[in-house]
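What's in work-v4.pdb: PDB, C-alpha atoms
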```
ATOM      1  CA  MET E   1      74.729 109.817  60.158
ATOM      2  CA  ASP E   2      73.862 111.749  63.297
ATOM      3  CA  VAL E   3      76.799 111.841  65.701
ATOM      4  CA  ILE E   4      77.523 113.419  69.081
ATOM      5  CA  THR E   5      80.700 115.461  69.222
ATOM      6  CA  ASP E   6      80.384 117.468  72.448
ATOM      7  CA  LYS E   7      79.832 116.657  76.117
ATOM      8  CA  THR E   8      76.868 118.995  76.519
ATOM      9  CA  THR E   9      74.849 117.129  73.912
ATOM     10  CA  LEU E  10      75.927 113.844  75.468
ATOM     11  CA  SER E  11      74.809 114.985  78.909
ATOM     12  CA  ASP E  12      71.474 116.189  77.545
ATOM     13  CA  LEU E  13      70.881 112.759  76.020
ATOM     14  CA  TYR E  14      71.776 110.680  79.083
ATOM     15  CA  GLY E  15      71.076 112.995  81.989
ATOM     16  CA  LYS E  16      73.073 113.204  85.194
ATOM     17  CA  PRO E  17      74.473 110.114  86.925
ATOM     18  CA  SER E  18      73.086 109.227  90.327
ATOM     19  CA  GLU E  19      74.791 110.410  93.495
ATOM     20  CA  ARG E  20      75.742 106.803  94.254
ATOM     21  CA  ALA E  21      77.399 106.410  90.849
ATOM     22  CA  ILE E  22      79.603 109.440  91.607
ATOM     23  CA  LEU E  23      80.416 108.803  95.247
ATOM     24  CA  LYS E  24      81.367 105.130  94.781
ATOM     25  CA  GLN E  25      84.513 106.165  92.916
ATOM     26  CA  LEU E  26      87.634 106.036  95.078
ATOM     27  CA  ASP E  27      91.183 107.158  94.378
ATOM     28  CA  TYR E  28      92.679 104.182  96.189
ATOM     29  CA  ILE E  29      92.215 100.437  96.693
ATOM     30  CA  ASP E  30      90.035  99.860  99.760
ATOM     31  CA  GLU E  31      89.441  96.536 101.515
ATOM     32  CA  HIS E  32      86.602  95.556  99.176
ATOM     33  CA  CYS E  33      88.572  96.316  96.012
ATOM     34  CA  ALA E  34      91.581  94.444  97.418
ATOM     35  CA  ALA E  35      89.414  91.421  98.214
ATOM     36  CA  PHE E  36      87.963  91.474  94.690
ATOM     37  CA  ILE E  37      91.456  91.574  93.139
ATOM     38  CA  LYS E  38      92.534  88.664  95.349
ATOM     39  CA  LEU E  39      89.654  86.579  93.962
ATOM     40  CA  SER E  40      90.163  87.592  90.335
ATOM     41  CA  PRO E  41      91.950  85.244  87.904
ATOM     42  CA  PHE E  42      91.296  87.441  84.861
ATOM     43  CA  LEU E  43      91.395  91.058  83.778
ATOM     44  CA  ILE E  44      91.313  93.130  80.632
ATOM     45  CA  ILE E  45      93.769  95.999  80.306
ATOM     46  CA  GLY E  46      93.127  98.983  78.059
ATOM     47  CA  THR E  47      95.928 101.206  76.753
ATOM     48  CA  MET E  48      96.470 103.810  74.057
ATOM     49  CA  GLY E  49      99.594 104.727  72.117
ATOM     50  CA  LYS E  50     100.589 108.169  70.898
ATOM     51  CA  ASP E  51      98.677 107.525  67.669
ATOM     52  CA  GLY E  52      95.445 107.651  69.688
ATOM     53  CA  LEU E  53      94.433 104.121  68.719
ATOM     54  CA  GLY E  54      93.017 102.188  71.669
ATOM     55  CA  ASP E  55      93.962  98.610  72.484
ATOM     56  CA  VAL E  56      92.686  96.032  74.969
ATOM     57  CA  SER E  57      94.395  92.831  76.011
ATOM     58  CA  PRO E  58      93.482  89.922  78.329
ATOM     59  CA  ARG E  59      95.594  88.931  81.315
ATOM     60  CA  GLY E  60      95.019  85.864  83.458
ATOM     61  CA  ASP E  61      96.514  83.509  86.001
ATOM     62  CA  ALA E  62      95.641  82.016  89.371
ATOM     63  CA  PRO E  63      93.274  84.139  91.514
ATOM     64  CA  GLY E  64      95.184  87.009  93.053
ATOM     65  CA  PHE E  65      97.924  87.041  90.410
ATOM     66  CA  VAL E  66      97.789  90.833  90.557
ATOM     67  CA  MET E  67      99.477  91.995  93.761
ATOM     68  CA  VAL E  68      98.086  94.851  95.823
ATOM     69  CA  LYS E  69     101.326  96.403  97.018
ATOM     70  CA  ASP E  70      99.499  99.134  98.909
ATOM     71  CA  GLU E  71      96.265 101.102  98.581
ATOM     72  CA  ARG E  72      97.582 103.101  95.637
ATOM     73  CA  THR E  73      99.817 100.571  93.879
ATOM     74  CA  LEU E  74      99.132  97.375  91.921
ATOM     75  CA  LEU E  75     101.739  95.022  90.455
ATOM     76  CA  LEU E  76     100.738  93.082  87.339
ATOM     77  CA  PRO E  77     103.103  90.362  86.022
ATOM     78  CA  ASP E  78     103.591  90.085  82.268
ATOM     79  CA  ARG E  79     103.549  86.347  81.560
ATOM     80  CA  LEU E  80     104.751  84.739  78.341
ATOM     81  CA  GLY E  81     102.771  85.757  75.266
ATOM     82  CA  ASN E  82     103.262  86.385  71.576
ATOM     83  CA  ASN E  83     105.999  89.027  72.023
ATOM     84  CA  ARG E  84     103.990  91.682  70.177
ATOM     85  CA  THR E  85     104.322  93.851  73.316
ATOM     86  CA  ASP E  86     101.395  96.034  72.194
ATOM     87  CA  THR E  87     100.372  96.912  75.751
ATOM     88  CA  LEU E  88     103.918  97.563  76.944
ATOM     89  CA  SER E  89     104.765  99.670  73.889
ATOM     90  CA  ASN E  90     101.650 101.768  74.412
ATOM     91  CA  ILE E  91     102.561 102.372  78.051
ATOM     92  CA  ILE E  92     105.982 103.661  77.027
ATOM     93  CA  GLU E  93     104.167 106.244  74.878
ATOM     94  CA  ASN E  94     101.124 106.857  77.105
ATOM     95  CA  LYS E  95     101.122 105.774  80.748
ATOM     96  CA  GLY E  96      97.341 105.820  81.160
ATOM     97  CA  VAL E  97      95.758 102.386  81.697
ATOM     98  CA  GLY E  98      92.324 100.996  82.472
ATOM     99  CA  LEU E  99      91.873  97.616  84.173
ATOM    100  CA  LEU E 100      88.660  95.585  84.316
ATOM    101  CA  PHE E 101      88.791  92.708  86.825
ATOM    102  CA  LEU E 102      86.366  89.777  86.616
ATOM    103  CA  VAL E 103      85.584  87.013  89.105
ATOM    104  CA  PRO E 104      83.924  83.852  87.698
ATOM    105  CA  GLY E 105      80.346  83.528  88.907
ATOM    106  CA  MET E 106      80.175  87.163  90.000
ATOM    107  CA  ASN E 107      78.307  89.636  87.797
ATOM    108  CA  GLU E 108      79.857  92.762  89.274
ATOM    109  CA  THR E 109      83.254  93.846  87.944
ATOM    110  CA  LEU E 110      85.996  96.088  89.289
ATOM    111  CA  ARG E 111      87.339  99.023  87.300
ATOM    112  CA  VAL E 112      90.725 100.509  88.122
ATOM    113  CA  ASN E 113      92.246 103.399  86.193
ATOM    114  CA  GLY E 114      95.681 104.899  86.651
ATOM    115  CA  TYR E 115      99.164 105.321  85.281
ATOM    116  CA  ALA E 116     101.560 102.445  84.642
ATOM    117  CA  ARG E 117     105.254 101.934  84.229
ATOM    118  CA  ILE E 118     107.239  98.848  83.267
ATOM    119  CA  THR E 119     109.482  97.477  85.989
ATOM    120  CA  VAL E 120     112.228  94.851  85.753
ATOM    121  CA  ASP E 121     113.190  95.115  89.415
ATOM    122  CA  ALA E 122     114.448  91.635  90.335
ATOM    123  CA  LYS E 123     112.791  91.606  93.785
ATOM    124  CA  VAL E 124     109.434  92.666  92.356
ATOM    125  CA  LEU E 125     109.581  90.032  89.635
ATOM    126  CA  GLU E 126     110.592  87.306  92.070
ATOM    127  CA  ASN E 127     107.573  88.099  94.242
ATOM    128  CA  LEU E 128     105.361  87.724  91.170
ATOM    129  CA  SER E 129     106.741  84.298  90.216
ATOM    130  CA  ALA E 130     104.413  81.504  89.138
ATOM    131  CA  GLN E 131     105.343  77.863  88.591
ATOM    132  CA  GLY E 132     108.771  78.822  89.917
ATOM    133  CA  LYS E 133     109.360  81.344  87.123
ATOM    134  CA  PRO E 134     109.398  85.148  87.461
ATOM    135  CA  PRO E 135     107.920  87.239  84.627
ATOM    136  CA  ARG E 136     110.261  89.124  82.326
ATOM    137  CA  SER E 137     108.660  92.379  83.423
ATOM    138  CA  ALA E 138     105.723  93.706  85.388
ATOM    139  CA  LEU E 139     103.483  96.733  85.358
ATOM    140  CA  GLN E 140     103.427  98.967  88.395
ATOM    141  CA  VAL E 141     100.083 100.761  88.325
ATOM    142  CA  ASP E 142      99.625 104.027  90.202
ATOM    143  CA  VAL E 143      95.910 103.903  91.072
ATOM    144  CA  ARG E 144      93.888 107.056  90.448
ATOM    145  CA  GLU E 145      90.337 105.664  90.196
ATOM    146  CA  ALA E 146      88.746 102.475  91.541
ATOM    147  CA  TYR E 147      85.116 101.441  91.697
ATOM    148  CA  LEU E 148      82.818  98.448  91.409
ATOM    149  CA  GLN E 149      80.746  98.299  88.223
ATOM    150  CA  CYS E 150      77.133  97.184  88.533
ATOM    151  CA  ALA E 151      76.070  93.804  87.131
ATOM    152  CA  LYS E 152      73.810  94.906  84.257
ATOM    153  CA  ALA E 153      76.202  94.063  81.411
ATOM    154  CA  LEU E 154      76.946  90.558  82.684
ATOM    155  CA  ILE E 155      73.305  89.919  83.540
ATOM    156  CA  ARG E 156      72.287  90.840  79.999
ATOM    157  CA  SER E 157      75.090  88.785  78.461
ATOM    158  CA  LYS E 158      74.581  85.770  80.764
ATOM    159  CA  LEU E 159      78.345  85.391  80.629
ATOM    160  CA  TRP E 160      78.581  82.666  83.260
ATOM    161  CA  ASP E 161      75.500  80.741  82.088
ATOM    162  CA  ASP E 162      76.425  77.217  80.927
ATOM    163  CA  ASN E 163      73.536  77.307  78.459
ATOM    164  CA  TYR E 164      75.303  80.085  76.568
ATOM    165  CA  LYS E 165      78.522  78.131  76.053
ATOM    166  CA  ILE E 166      79.001  77.147  72.425
ATOM    167  CA  GLU E 167      80.127  73.760  71.187
ATOM    168  CA  ARG E 168      83.779  74.649  70.502
ATOM    169  CA  LYS E 169      83.925  72.531  67.334
ATOM    170  CA  SER E 170      81.206  74.741  65.822
ATOM    171  CA  PHE E 171      83.790  77.499  65.316
ATOM    172  CA  PRO E 172      87.110  77.160  63.452
ATOM    173  CA  SER E 173      90.268  76.610  65.502
ATOM    174  CA  LEU E 174      92.618  79.519  66.118
ATOM    175  CA  GLY E 175      95.300  77.911  64.006
ATOM    176  CA  GLN E 176      92.968  77.493  61.040
ATOM    177  CA  ILE E 177      91.690  81.054  61.353
ATOM    178  CA  ILE E 178      95.207  82.478  61.377
ATOM    179  CA  ALA E 179      96.228  80.285  58.443
ATOM    180  CA  ASP E 180      93.187  81.472  56.481
ATOM    181  CA  GLN E 181      93.915  85.117  57.313
ATOM    182  CA  MET E 182      97.495  84.675  56.106
ATOM    183  CA  GLY E 183      96.285  83.093  52.886
ATOM    184  CA  ARG E 184      97.810  79.754  53.875
ATOM    185  CA  SER E 185      94.763  77.636  54.631
ATOM    186  CA  GLU E 186      96.686  74.434  54.001
ATOM    187  CA  GLU E 187      98.890  75.200  57.033
ATOM    188  CA  GLY E 188      95.994  75.167  59.508
ATOM    189  CA  ASN E 189      96.885  71.820  61.090
ATOM    190  CA  ALA E 190     100.513  72.831  61.558
ATOM    191  CA  ALA E 191      99.449  76.124  63.119
ATOM    192  CA  ASP E 192      97.104  74.315  65.505
ATOM    193  CA  GLN E 193      99.898  71.980  66.559
ATOM    194  CA  SER E 194     102.249  74.899  67.193
ATOM    195  CA  ILE E 195      99.611  76.689  69.282
ATOM    196  CA  LYS E 196      98.894  73.496  71.243
ATOM    197  CA  GLU E 197     102.585  73.111  72.043
ATOM    198  CA  GLY E 198     102.739  76.738  73.154
ATOM    199  CA  TYR E 199      99.808  76.231  75.504
ATOM    200  CA  ARG E 200     101.556  73.194  76.950
ATOM    201  CA  ASP E 201     105.132  74.447  77.194
ATOM    202  CA  LYS E 202     105.080  78.265  77.199
ATOM    203  CA  LEU E 203     102.536  79.464  79.764
ATOM    204  CA  TYR E 204     105.292  80.581  82.150
TER
END
```
Go ahead and express the file in the form of structure tokens.
Amino acid sequence: MDVITDKTTLSDLYGKPSERAILKQLDYIDEHCAAFIKLSPFLIIGTMGKDGLGDVSPRGDAPGFVMVKDERTLLLPDRLGNNRTDTLSNIIENKGVGLLFLVPGMNETLRVNGYARITVDAKVLENLSAQGKPPRSALQVDVREAYLQCAKALIRSKLWDDNYKIERKSFPSLGQIIADQMGRSEEGNAADQSIKEGYRDKLY
């Protein structure tokens, strides 16, 4: 297998980025980035632990659930989940994070990179409350890079196109998949019921 292991070879293959691609990168959240974040109900956060293994995780809530504290600081609530704390554990070991914000119906995305820390400051958490409940913790992200990503990936994927939506029943349920992966296929219905109850009672 032919592989690339150095940046010079990589640069020779791809060539130089355009001036626009370089100059669009900011080291702060400007008015356009702030407006995008206010509209966004969903993001993907990338982290890496000390073992060097990367991890990405979805985060979502009502549009604007991520607070722009100031032009260099974002506050991201950690809502109820599965308690694996993969993202939070990685941040304890390696503070670098990458955020990808999406807005439904918009093909451009917003990329924000920086350093995060976990805060349990009561005032911060109260300001990030949803459905009357504050999160158990939040991420305070020190912004180092911010820029809008062009629409090519979402145009190619047709992510928002209704014609690309699958019939959900054509794919196994999450509960059945997990039961199969655990070697307990007969417990699929019980797993589905437990997941359904979690969606109903444990979003916040």
Exercise. Stretch 125-127 of chain E: which residues within 12 Å, counting only C-alpha atoms, same-chain residues fewer than 2 positions away excluded, as a count of residues only?
Worked result: 28
For this session: Could you tell me which residues the PyMOL selection byres ((chain E and resi 147) around 6) grabs in this file, written as number ranges by chain?
Result: E: 25, 110-111, 146, 148
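Matched in the shown structure by the PyMOL selection byres ((chain E and resi 115) around 6): Lys95, Gly96, Val97, Gly114, Ala116, Val141 and Asp142 of chain E.
Atom CA of E:Glu108 lies 14.7 Å from atom CA of E:Asp161.
As for atom CA of E:Ala151 and atom CA of E:Arg20, they are spaced 14.8 Å apart.
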Exercise. From the set E:Gln193, E:Met106, E:Met182, E:Asn94, which residue has the shortest atom-to-atom contact distance to E:Asp51, counting all atoms listed in the file?
Worked result: E:Asn94
